[in-house]
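Chemist: Okay, so here is model-v3.cif, and as you'll see once you scroll down, it has mmCIF, C-alpha atoms.
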```
data_run
loop_
_atom_site.label_atom_id
_atom_site.label_comp_id
_atom_site.auth_asym_id
_atom_site.auth_seq_id
_atom_site.Cartn_x
_atom_site.Cartn_y
_atom_site.Cartn_z
CA MET U 1 -9.11 12.01 15.97
CA MET U 2 -7.53 8.95 14.37
CA ASN U 3 -4.31 7.43 15.67
CA ILE U 4 -1.59 5.53 13.83
CA VAL U 5 0.61 3.25 15.92
CA LEU U 6 3.90 1.93 14.52
CA LEU U 7 5.50 -0.90 16.48
CA GLU U 8 9.29 -0.89 16.04
CA PRO U 9 9.42 0.85 12.64
CA GLU U 10 12.66 0.23 10.79
CA MET U 11 12.61 2.45 7.71
CA PRO U 12 13.02 6.20 8.22
CA ALA U 13 11.58 7.08 4.80
CA ASN U 14 8.39 5.07 5.46
CA THR U 15 8.01 6.73 8.86
CA GLY U 16 8.50 10.15 7.26
CA ASN U 17 5.85 9.39 4.64
CA ILE U 18 3.48 8.18 7.34
CA GLY U 19 4.15 11.32 9.35
CA ARG U 20 3.26 13.47 6.35
CA THR U 21 0.01 11.52 5.88
CA CYS U 22 -0.77 12.01 9.56
CA VAL U 23 -0.28 15.78 9.31
CA ALA U 24 -2.48 15.91 6.18
CA THR U 25 -5.29 14.09 7.98
CA GLY U 26 -4.98 15.48 11.52
CA THR U 27 -3.96 12.05 12.79
CA ARG U 28 -1.70 11.38 15.78
CA LEU U 29 1.38 9.21 15.27
CA HIS U 30 2.57 6.87 18.02
CA LEU U 31 6.01 5.24 17.66
CA ILE U 32 6.94 2.27 19.83
CA GLU U 33 10.66 1.60 20.41
CA PRO U 34 13.02 0.32 19.38
CA LEU U 35 13.14 2.44 16.25
CA GLY U 36 15.44 1.39 13.42
CA PHE U 37 16.65 5.01 13.07
CA ARG U 38 16.97 8.24 15.02
CA ILE U 39 13.86 10.40 14.97
CA ASN U 40 15.94 13.37 13.82
CA ASP U 41 17.33 11.33 10.89
CA LYS U 42 17.44 13.48 7.74
CA THR U 43 15.74 10.68 5.77
CA VAL U 44 12.69 10.87 8.07
CA LYS U 45 12.49 14.62 7.69
CA ARG U 46 13.09 14.50 3.93
CA ALA U 47 10.20 12.05 3.44
CA GLY U 48 8.00 14.12 5.75
CA LEU U 49 9.03 17.29 3.93
CA ASP U 50 8.46 20.46 5.89
CA TYR U 51 5.44 18.96 7.64
CA TRP U 52 7.45 17.07 10.27
CA ASP U 53 7.44 20.00 12.73
CA ASP U 54 3.61 20.00 12.60
CA LEU U 55 3.33 16.30 13.43
CA ASP U 56 1.66 15.21 16.68
CA VAL U 57 4.02 12.34 17.55
CA THR U 58 4.71 10.44 20.77
CA ILE U 59 7.41 7.81 21.35
CA TYR U 60 7.03 4.92 23.80
CA ASP U 61 9.60 2.58 25.37
CA ASP U 62 7.67 -0.55 24.43
CA PHE U 63 4.16 -1.91 23.81
CA LYS U 64 3.43 -2.11 27.55
CA ASP U 65 4.39 1.56 27.97
CA PHE U 66 2.11 2.46 25.04
CA LEU U 67 -0.86 0.59 26.59
CA GLU U 68 -0.27 2.12 30.03
CA LYS U 69 -0.22 5.66 28.61
CA ASN U 70 -3.22 5.13 26.29
CA PRO U 71 -5.94 3.21 28.17
CA GLN U 72 -8.51 4.93 25.93
CA CYS U 73 -7.42 2.73 23.00
CA ALA U 74 -9.04 -0.35 24.58
CA GLY U 75 -11.63 -1.77 22.20
CA LYS U 76 -10.50 0.57 19.40
CA LEU U 77 -7.00 -0.78 18.65
CA TYR U 78 -7.03 -2.49 15.24
CA MET U 79 -3.97 -4.51 14.30
CA PHE U 80 -3.08 -4.77 10.64
CA THR U 81 -1.46 -8.08 9.79
CA THR U 82 -1.27 -10.47 6.86
CA LYS U 83 -2.13 -13.23 9.36
CA ALA U 84 -5.66 -11.93 10.07
CA LYS U 85 -8.85 -13.75 9.05
CA HIS U 86 -10.88 -10.61 8.28
CA SER U 87 -10.48 -7.75 5.82
CA TYR U 88 -9.86 -4.21 7.01
CA SER U 89 -12.92 -3.10 5.04
CA ASP U 90 -15.21 -5.32 7.15
CA VAL U 91 -14.63 -3.15 10.23
CA SER U 92 -16.67 -0.13 11.32
CA TYR U 93 -14.00 2.22 12.65
CA PRO U 94 -14.89 4.72 15.36
CA GLU U 95 -13.83 8.33 14.78
CA ASP U 96 -11.08 7.84 17.38
CA ALA U 97 -9.75 4.51 16.09
CA TRP U 98 -6.20 3.33 16.73
CA LEU U 99 -4.63 1.60 13.71
CA MET U 100 -1.51 -0.39 14.56
CA PHE U 101 1.17 -1.68 12.18
CA GLY U 102 4.26 -3.76 12.85
CA LYS U 103 7.79 -3.34 11.66
CA GLU U 104 8.52 -3.79 7.98
CA SER U 105 10.50 -7.02 8.31
CA ALA U 106 8.26 -9.01 10.65
CA GLY U 107 4.96 -7.29 11.35
CA ILE U 108 3.29 -7.35 14.76
CA PRO U 109 4.56 -10.23 16.93
CA GLU U 110 2.15 -13.15 17.21
CA GLU U 111 2.35 -12.89 21.02
CA ILE U 112 0.54 -9.56 20.71
CA LEU U 113 -1.81 -10.63 17.89
CA VAL U 114 -3.30 -13.58 19.82
CA GLU U 115 -4.39 -11.19 22.58
CA TYR U 116 -6.28 -9.04 20.03
CA GLU U 117 -7.74 -11.68 17.71
CA ASP U 118 -11.06 -9.87 17.25
CA PHE U 119 -9.22 -6.68 16.26
CA CYS U 120 -6.80 -8.17 13.72
CA VAL U 121 -7.47 -7.25 10.10
CA ARG U 122 -5.68 -7.61 6.79
CA ILE U 123 -5.45 -5.79 3.51
CA PRO U 124 -6.28 -8.36 0.82
CA MET U 125 -3.47 -9.25 -1.59
CA MET U 126 -2.80 -11.78 -4.34
CA GLY U 127 -1.20 -15.15 -3.69
CA GLU U 128 1.87 -15.41 -1.55
CA ILE U 129 2.85 -11.74 -1.47
CA ARG U 130 4.30 -11.19 2.02
CA SER U 131 3.20 -7.60 2.51
CA LEU U 132 2.67 -4.15 1.07
CA ASN U 133 4.92 -1.18 1.73
CA LEU U 134 4.22 0.09 5.26
CA SER U 135 3.43 3.67 4.31
CA ASN U 136 1.06 2.44 1.58
CA SER U 137 -0.67 0.12 4.06
CA VAL U 138 -1.11 2.95 6.55
CA ALA U 139 -2.60 5.20 3.86
CA ILE U 140 -5.02 2.50 2.68
CA ALA U 141 -6.22 1.77 6.22
CA LEU U 142 -6.33 5.36 7.46
CA TYR U 143 -8.31 6.63 4.49
CA GLU U 144 -10.84 3.81 4.84
CA ALA U 145 -11.36 4.72 8.50
CA LEU U 146 -11.61 8.42 7.59
CA ARG U 147 -14.05 7.65 4.72
CA GLN U 148 -16.30 5.74 7.10
CA ASN U 149 -16.38 8.83 9.30
CA ASP U 150 -17.22 11.12 6.34
CA PHE U 151 -13.67 12.58 6.29
CA GLU U 152 -14.62 14.64 9.33
CA GLN U 153 -12.68 17.93 9.51
CA LEU U 154 -10.92 17.32 6.18
CA ASN U 155 -11.28 19.48 3.08
CA LYS U 156 -13.35 17.45 0.64
CA GLN U 157 -12.96 19.71 -2.38
CA GLY U 158 -10.24 21.82 -3.89
CA ASP U 159 -9.82 24.74 -6.24
CA LEU U 160 -7.67 25.29 -9.29
CA HIS U 161 -4.72 27.63 -8.73
CA ARG U 162 -4.81 29.71 -11.91
CA LEU U 163 -8.18 28.94 -13.49
CA HIS U 164 -11.74 28.35 -12.29
CA TRP U 165 -13.99 25.31 -12.64
CA LYS U 166 -16.76 25.86 -15.22
CA LYS U 167 -19.55 24.76 -12.88
#
```
Go ahead and render the structure in this file as structure tokens.

Modeler:
Amino acid sequence: MMNIVLLEPEMPANTGNIGRTCVATGTRLHLIEPLGFRINDKTVKRAGLDYWDDLDVTIYDDFKDFLEKNPQCAGKLYMFTTKAKHSYSDVSYPEDAWLMFGKESAGIPEEILVEYEDFCVRIPMMGEIRSLNLSNSVAIALYEALRQNDFEQLNKQGDLHRLHWKK
């Protein structure tokens, strides 16, 4: 099972969107305090639609608390940052990868990044663009990790509602 880790998320709508993506993919969501909103904020739930109650989410006091409670993430914790030297698509993600993202305004603190240099990756962008929207970044990264693991346990095909495919 994949894991998404958000360090000090600030935007309730982004967190709600990420939560919805996590439910759709069977991914756990880990939120590290301080949060820039209350978890029961109506904006979070609106963005997560009616999926929020199905979300596997855990909240931690700080990064140290997260690490203490999740020793199994060692060697599988990938940090997404615009400061990284390597692209996210250069990584071979294990089926139980942990994908970490920083807060919208500042990203993951450099004090943390330097301790995980070999696990820092970036999503390529043009020129001097500071960053992508957090929920978009999570979706890009998560679906690449899921693709590499053959979308294990996900429905890979759909059906029309009223009609039938010809083949």

Chemist: Convert the output of the PyMOL selection byres ((chain U and resi 101-105) around 7) on the shown file into explicit residues, formatted as a PyMOL selection string.

Modeler: chain U and resi 5-10+79-80+99-100+106-108+134

Chemist: How many Å lie between CA of Thr58 in chain U and CA of Val138 in chain U, rounded to one decimal?

Modeler: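 These atoms are spaced 17.1 Å apart.
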
Chemist: Selected by the PyMOL selection byres ((chain U and resi 115-118) around 10) in the shown coordinates: which residues, as a PyMOL selection string?

Modeler: chain U and resi 75+77-79+84-86+110-114+119-121

Chemist: Distance CA of Ile18 in chain U-CA of Gly127 in chain U, one decimal place?

Modeler: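 Between these atoms lies a distance of 26.2 Å.
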
Chemist: Return as a list in words the set of residues that the PyMOL selection byres ((chain U and resi 94) around 12) yields on the displayed structure.

Modeler: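 Matching residues under the PyMOL selection byres ((chain U and resi 94) around 12) are Met1, Met2, Asn3, Cys73, Gly75, Lys76, Leu77, Tyr78, Val91, Ser92, Tyr93, Glu95, Asp96, Ala97, Trp98, Leu99, Leu142, Glu144, Ala145, Leu146, Arg147, Gln148, Asn149, Asp150 and Glu152 of chain U.
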
Chemist: For each of U:Phe63, U:Phe151, U:Trp165, U:Tyr88, take the minimum atom-to-atom distance to Ser137 in chain U, counting only C-alpha atoms, then give the residue where this is smallest.

Modeler: U:Tyr88

Chemist: Which residue, U:Asp50, U:Lys42, U:Leu55, U:Asp90, has the smallest gap to His30 in chain U when you use all atoms listed in the file?

Modeler: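 The closest residue to His30 in chain U is U:Leu55.
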
Chemist: Go through U:Asn70, U:Ser135, U:Thr15, U:Thr81 and flag the residue nearest Arg122 in chain U, using only C-alpha atoms for the distances.

Modeler: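 Using only C-alpha atoms, Arg122 in chain U sits closest to U:Thr81.
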
Chemist: Have a look at CA of Pro12 in chain U and CA of Glu128 in chain U and let me know their distance in Å, one decimal.

Modeler: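 Value for the CA of Pro12 in chain U-CA of Glu128 in chain U distance: 26.2 Å.
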